[in-house]
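Undergrad: Have a look at this one before I ask anything.
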Amino acid sequence: MKILAVSDEVVERLYSLCNNGHFSDVELIIGCGDLPYPYLETLITFLNVPLMYVPGNHDPDYDPAQTITYAEGGSNLDLKLVRYKRFLIGGFGGCIRYRPDGANQYTQTEAYIRAFRMLPRLLVNRIHYGRSLDILISHSPPFGIHDDDTRAHEGLKAINWLIRVAKPRYHFHGHTHFQRRNLSPSETIQGITKIINVFPYKVIEVSH
């Protein structure tokens, strides 16, 4: 399955690429946070494929009564797990808390508590499918992998835990902009998991 993964920065060139059929074989859009929801909605319109996304720290808190707090036509996967085309996909939104009043921000302890809420469904997947997760989507990177030495870009240790427990084949995240500064590789292998920083967008072919 071919995926268009996007995060953190609007790339207007994607509109013309979509219009020219450049992504005609893409079967799923994945959003890793901090993107205007109209941008994600436009990509859905162009490609006519599902969108699954998680919120970032610059996105508003989700409120089902207000359309400005979610992408219409997309699925907010924060703390949820779904099955799509034989792939088990789960999401974990937000990042480290660096402002007391910040939306979608969590202390390391709060992030662990959120991650533990996913455990029952991961266990059900393990029983039904023989595996817990194929693709993990997050905004934050894991702690110590693709993160940064600034407080706002410190990775979440709960994501390291999810990777160890769920053993996804792929982990897509945003939040850190390494391509802009060219300091580190955007892909890292951790056990069986390929961890990919998708900023600002990547086309990724995934397989079982």
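We name chains A, B, ... following the order of the structure tokens; residues begin at 1 in each chain, and ligands are numbered from 1 as shown.
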I'd like the contact shell of A:Pro50 - 7 Å cut-off, only C-alpha atoms, skipping same-chain residues fewer than 2 positions apart - returned as a PDB file with C-alpha atoms, in the first residue's frame.

TA:
ATOM      1  CA  LEU A  28      -4.162   6.496   2.138  1.00  0.00           C
ATOM      2  CA  ILE A  29      -3.239   9.934   3.486  1.00  0.00           C
ATOM      3  CA  ILE A  44      -8.767  14.372   0.534  1.00  0.00           C
ATOM      4  CA  ASN A  48     -10.335  10.822  -2.988  1.00  0.00           C
ATOM      5  CA  MET A  52      -6.123   9.248   9.097  1.00  0.00           C
ATOM      6  CA  GLY A  74     -10.812  12.421   7.950  1.00  0.00           C
TER       7      GLY A  74
END

Undergrad: Write out as number ranges by chain which residues come within 8 Å of stretch 16-25 of chain A when counting only C-alpha atoms, dropping same-chain ones fewer than 6 positions away.

TA: A: 2, 4, 43, 46-47

Undergrad: Quick one: everything within 12 Å of A:Thr109, counting only C-alpha atoms, minus sequence neighbours fewer than 4 positions away in the same chain. Send it as a PyMOL selection string.

TA: chain A and resi 96-97+105+113-116+156-159

Undergrad: Just list the residues in stretch 27-75 of chain A DSSP gives strand (DSSP E or B) on the backbone, as a ChimeraX atom specification.

TA: /A:28-31,51-53,74-75

Undergrad: If you keep N, CA and C atoms, can you produce a file of those selected residues as a PDB file, in the first residue's frame?

TA:
ATOM      1  N   LEU A  28      -3.866   5.979   0.806  1.00  0.00           N
ATOM      2  CA  LEU A  28      -4.162   6.496   2.138  1.00  0.00           C
ATOM      3  C   LEU A  28      -3.336   7.746   2.392  1.00  0.00           C
ATOM      4  N   ILE A  29      -3.954   8.749   3.016  1.00  0.00           N
ATOM      5  CA  ILE A  29      -3.239   9.934   3.486  1.00  0.00           C
ATOM      6  C   ILE A  29      -3.101   9.814   5.001  1.00  0.00           C
ATOM      7  N   ILE A  30      -1.900  10.065   5.493  1.00  0.00           N
ATOM      8  CA  ILE A  30      -1.653  10.069   6.928  1.00  0.00           C
ATOM      9  C   ILE A  30      -1.146  11.451   7.327  1.00  0.00           C
ATOM     10  N   GLY A  31      -1.786  12.043   8.337  1.00  0.00           N
ATOM     11  CA  GLY A  31      -1.368  13.340   8.852  1.00  0.00           C
ATOM     12  C   GLY A  31      -0.764  13.196  10.238  1.00  0.00           C
ATOM     13  N   LEU A  51      -8.283   9.725   4.886  1.00  0.00           N
ATOM     14  CA  LEU A  51      -7.281  10.435   5.685  1.00  0.00           C
ATOM     15  C   LEU A  51      -7.370   9.950   7.118  1.00  0.00           C
ATOM     16  N   MET A  52      -6.234   9.558   7.676  1.00  0.00           N
ATOM     17  CA  MET A  52      -6.123   9.248   9.097  1.00  0.00           C
ATOM     18  C   MET A  52      -5.040  10.147   9.672  1.00  0.00           C
ATOM     19  N   TYR A  53      -5.329  10.771  10.812  1.00  0.00           N
ATOM     20  CA  TYR A  53      -4.396  11.761  11.333  1.00  0.00           C
ATOM     21  C   TYR A  53      -4.426  11.809  12.848  1.00  0.00           C
ATOM     22  N   GLY A  74     -11.948  13.199   7.453  1.00  0.00           N
ATOM     23  CA  GLY A  74     -10.812  12.421   7.950  1.00  0.00           C
ATOM     24  C   GLY A  74     -11.150  11.726   9.251  1.00  0.00           C
ATOM     25  N   SER A  75     -10.267  10.857   9.695  1.00  0.00           N
ATOM     26  CA  SER A  75     -10.437  10.128  10.952  1.00  0.00           C
ATOM     27  C   SER A  75      -9.325  10.504  11.914  1.00  0.00           C
TER      28      SER A  75
END

Undergrad: Just the residues within 8 Å of A:Pro60, please, counting only C-alpha atoms, with nothing from its chain fewer than 5 positions along; format it as JSON, numbers by chain.

TA: {"A": [55, 69, 103, 104]}

Undergrad: Can I get the selection written as a PDB file, in the first residue's frame, with C-alpha atoms?

TA:
ATOM      1  CA  PRO A  55      -3.331  16.252  16.344  1.00  0.00           C
ATOM      2  CA  THR A  69     -11.198  21.403  15.586  1.00  0.00           C
ATOM      3  CA  ALA A 103      -3.203  22.171  23.673  1.00  0.00           C
ATOM      4  CA  ASN A 104      -2.329  18.524  23.024  1.00  0.00           C
TER       5      ASN A 104
END

Undergrad: For A:Asp61, work out the shell of residues within 12 Å, counting only C-alpha atoms and skipping chain neighbours fewer than 5 positions away, then give it as an MDAnalysis selection string.

TA: chainID A and resid 34 54:56 66:70 76 78 93:94 101:105

Undergrad: Give me every alpha helix (DSSP H) residue in stretch 45-137 of chain A, going by DSSP on the backbone, as a JSON list (two decimals) with C-alpha atoms, in the first residue's frame.

TA:
[["chain", "number", "residue", "atom", "x", "y", "z"],
["A", 45, "THR", "CA", -10.69, 16.15, -2.23],
["A", 46, "PHE", "CA", -7.84, 15.85, -4.72],
["A", 47, "LEU", "CA", -6.95, 12.22, -4.05],
["A", 108, "GLN", "CA", 5.95, 12.19, 30.28],
["A", 109, "THR", "CA", 3.72, 10.66, 32.98],
["A", 110, "GLU", "CA", 0.52, 11.92, 31.34],
["A", 111, "ALA", "CA", 1.68, 10.51, 28.01],
["A", 112, "TYR", "CA", 2.28, 7.09, 29.61],
["A", 113, "ILE", "CA", -1.24, 7.12, 31.08],
["A", 114, "ARG", "CA", -2.66, 7.90, 27.65],
["A", 115, "ALA", "CA", -0.61, 5.13, 26.03],
["A", 116, "PHE", "CA", -1.80, 2.59, 28.61],
["A", 119, "LEU", "CA", -3.30, -1.57, 25.71],
["A", 120, "PRO", "CA", -6.67, -3.46, 25.76],
["A", 121, "ARG", "CA", -7.19, -2.92, 22.03],
["A", 122, "LEU", "CA", -3.59, -3.85, 21.27],
["A", 123, "LEU", "CA", -4.14, -7.12, 23.14],
["A", 124, "VAL", "CA", -7.37, -7.77, 21.21],
["A", 125, "ASN", "CA", -5.50, -7.23, 17.94],
["A", 126, "ARG", "CA", -2.81, -9.65, 19.09],
["A", 127, "ILE", "CA", -5.46, -12.32, 19.78],
["A", 128, "HIS", "CA", -7.43, -11.77, 16.56],
["A", 129, "TYR", "CA", -4.63, -11.09, 14.08]]

Undergrad: What's the 10 Å shell around A:Val11, counting only C-alpha atoms, without same-chain residues fewer than 5 positions away, as a PyMOL selection string?

TA: chain A and resi 6+39+200-201

Undergrad: If you keep C-alpha atoms, can you produce a file of those selected residues as a tab-separated table (two decimals), in the first residue's frame?

TA:
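The resulting file, out.tsv, is shown below:
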chain	number	residue	atom	x	y	z
A	6	VAL	CA	2.30	14.85	5.72
A	39	TYR	CA	-5.10	21.70	3.86
A	200	PRO	CA	6.98	17.96	5.44
A	201	TYR	CA	5.74	15.02	3.32

Undergrad: Find the spatial neighbours of A:Asp8, counting only C-alpha atoms, within a cut-off of 10 Å - ignore same-chain residues fewer than 6 positions away - and output them as a list of chain:residue names.

TA: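 Contacts, in chain order: A:Gly31, A:Cys32, A:Gly33, A:Asp34, A:Leu35, A:Pro36, A:Gly56, A:His58, A:His139, A:His173, A:Gly174, A:His175, A:Thr176, A:His177, A:Val198, A:Phe199, A:Pro200, A:Tyr201.
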
Undergrad: Only C-alpha atoms, please: the residues just picked out, written as a PDB file, in the first residue's frame.

TA:
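The new file selection_33.pdb reads:
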ATOM      1  CA  GLY A  31      -1.368  13.340   8.852  1.00  0.00           C
ATOM      2  CA  CYS A  32       1.157  13.585  11.673  1.00  0.00           C
ATOM      3  CA  GLY A  33      -0.065  16.865  13.115  1.00  0.00           C
ATOM      4  CA  ASP A  34       0.381  20.632  13.056  1.00  0.00           C
ATOM      5  CA  LEU A  35      -1.288  21.147   9.685  1.00  0.00           C
ATOM      6  CA  PRO A  36      -4.298  23.366   8.942  1.00  0.00           C
ATOM      7  CA  GLY A  56      -0.144  18.159  17.023  1.00  0.00           C
ATOM      8  CA  HIS A  58      -0.352  23.620  17.288  1.00  0.00           C
ATOM      9  CA  HIS A 139       3.041  13.770  16.167  1.00  0.00           C
ATOM     10  CA  HIS A 173       5.894  11.080  13.111  1.00  0.00           C
ATOM     11  CA  GLY A 174       6.443  14.794  12.578  1.00  0.00           C
ATOM     12  CA  HIS A 175       7.189  17.660  15.015  1.00  0.00           C
ATOM     13  CA  THR A 176      10.957  17.873  14.393  1.00  0.00           C
ATOM     14  CA  HIS A 177      12.212  19.469  11.203  1.00  0.00           C
ATOM     15  CA  VAL A 198       7.694  12.505   7.446  1.00  0.00           C
ATOM     16  CA  PHE A 199       8.223  16.300   7.591  1.00  0.00           C
ATOM     17  CA  PRO A 200       6.984  17.956   5.437  1.00  0.00           C
ATOM     18  CA  TYR A 201       5.739  15.023   3.318  1.00  0.00           C
TER      19      TYR A 201
END

Undergrad: Hey, which of A:Asp148, A:Asp59, A:Asp134, A:Glu27 ends up closest to A:Lys194? Count only C-alpha atoms.

TA: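 Checking each candidate against A:Lys194, we get A:Asp134 as the closest.
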
Undergrad: Rounded to one decimal in Å, what is the spacing between atom CA of A:Val203 and atom CA of A:Thr42?

TA: 17.2 Å

Undergrad: For a quick check of understanding, using only C-alpha atoms, which of A:Phe87, A:Phe143, A:Tyr15, A:Tyr62 has the smallest distance to A:Ile3?

TA: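 For A:Ile3, the nearest of the given residues is A:Phe87.
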
Undergrad: Using atom CA of A:Gly73 and atom CA of A:Glu205 as the two end points, give the distance in Å to one decimal.

TA: 22.9 Å

Undergrad: Compare A:Ala152, A:Ala5, A:Leu162, A:Ile189 by their minimum atom-to-atom distance to A:Tyr98, counting only C-alpha atoms, and give me the closest one.

TA: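 Closest to A:Tyr98 of all the choices is A:Ala152.
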
Undergrad: For A:Ile204, which residue among A:Trp161, A:Ile192, A:Tyr170, A:Phe92 is the nearest when counting only C-alpha atoms?

TA: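 Nearest to A:Ile204: A:Tyr170.
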
Undergrad: Provide the atom CA of A:Arg83 to atom CA of A:Val10 distance in Å, to one decimal place.

TA: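 The value is 27.7 Å.
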